[in-house]
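Scroll down for the structure; my scribbles are underneath it.
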Amino acid sequence: MADVEATTTSEEGYTSVSRVGDFELTVDATGEDGPTPNQVLAADYASCFIPAFRVGGNKEGHDDLGKITTEVEADLNDDDDLTAIRFVMHVEADLSDEEFDAIVERAEGICHVHDSLKESLHADITVHGGQF
């Protein structure tokens with residue numbers, strides 16, 4: 001048995017519905033009936049990176065980073081292939097740039113999506129502390 005299982009169905013057109021466990025996700029290549037696959041990938045990357053960032057913070061001795069919001073930007077080429085991803089992270093904890101850099105480095109080693117992407121798509125990450 002596989003570790004991750006999903007079933008994706010497209011009845012017609014460019015919209016697909018994926019079932020993962022008890023959850024359903026609608027993805028539309030045209031962006032009309034749901035987010036596009038690239039939008040889902042960008043959001044999924046951030047959704048994986050935030051908990052990895054929290055674990056990295058714990059390992060660096062920062063147990064409470066508070067609220068974290070990540071703005072994600074991605075660039076596409078003429079074929080709609082991703083060419084770059086950027087995160088701007090807003091973190092409630094007010095740490096130094098060096099402390100945030102150490103947390104980011106740890107998080108990059110923990111985030112499974114980061115590990116799965118080719119290196120040219122690893123996010124360029126900026127962190128702003130003392131937010132909220």
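Residues in the structure tokens are numbered from 1 in each chain, the chains being A, B, ... in the order shown, and ligands are numbered from 1 in the order shown.
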Identify all residues of chain A in alpha helix (DSSP H) (DSSP on the backbone) and supply them as a ChimeraX atom specification.
/A:37-59,97-110,112-116
For segment 21-31 of chain A, list every protein, DNA or RNA residue within 10 Å, evaluated using only C-alpha atoms, and leave out those in the same chain fewer than 6 positions away; present the list as a PyMOL selection string.
chain A and resi 4-10+13-15+37-40
Selected residues written out, C-alpha atoms, as a tab-separated table (two decimals), in the first residue's frame:
chain	number	residue	atom	x	y	z
A	4	VAL	CA	-0.08	8.78	-0.13
A	5	GLU	CA	-3.16	8.00	-2.17
A	6	ALA	CA	-5.50	10.26	-4.12
A	7	THR	CA	-8.11	9.80	-6.81
A	8	THR	CA	-8.60	12.53	-9.40
A	9	THR	CA	-11.54	12.63	-11.82
A	10	SER	CA	-12.38	14.94	-14.69
A	13	GLY	CA	-13.32	20.13	-19.77
A	14	TYR	CA	-10.33	21.20	-17.73
A	15	THR	CA	-11.70	20.85	-14.21
A	37	PRO	CA	-2.55	23.53	-10.76
A	38	ASN	CA	0.27	26.11	-10.42
A	39	GLN	CA	-1.73	28.07	-7.83
A	40	VAL	CA	-2.37	24.87	-5.87
Which residues are close to Lys67 of chain A, i.e. within 12 Å by only C-alpha atoms, leaving aside same-chain residues fewer than 3 positions away? Reply as a list in words.
Ile50, Pro51, Phe53, Arg54, Asp64, Thr70, Met89, His90, Val91, Glu92, Ala93, Asp94, His128, Gly129, Gly130, Gln131 and Phe132 of chain A
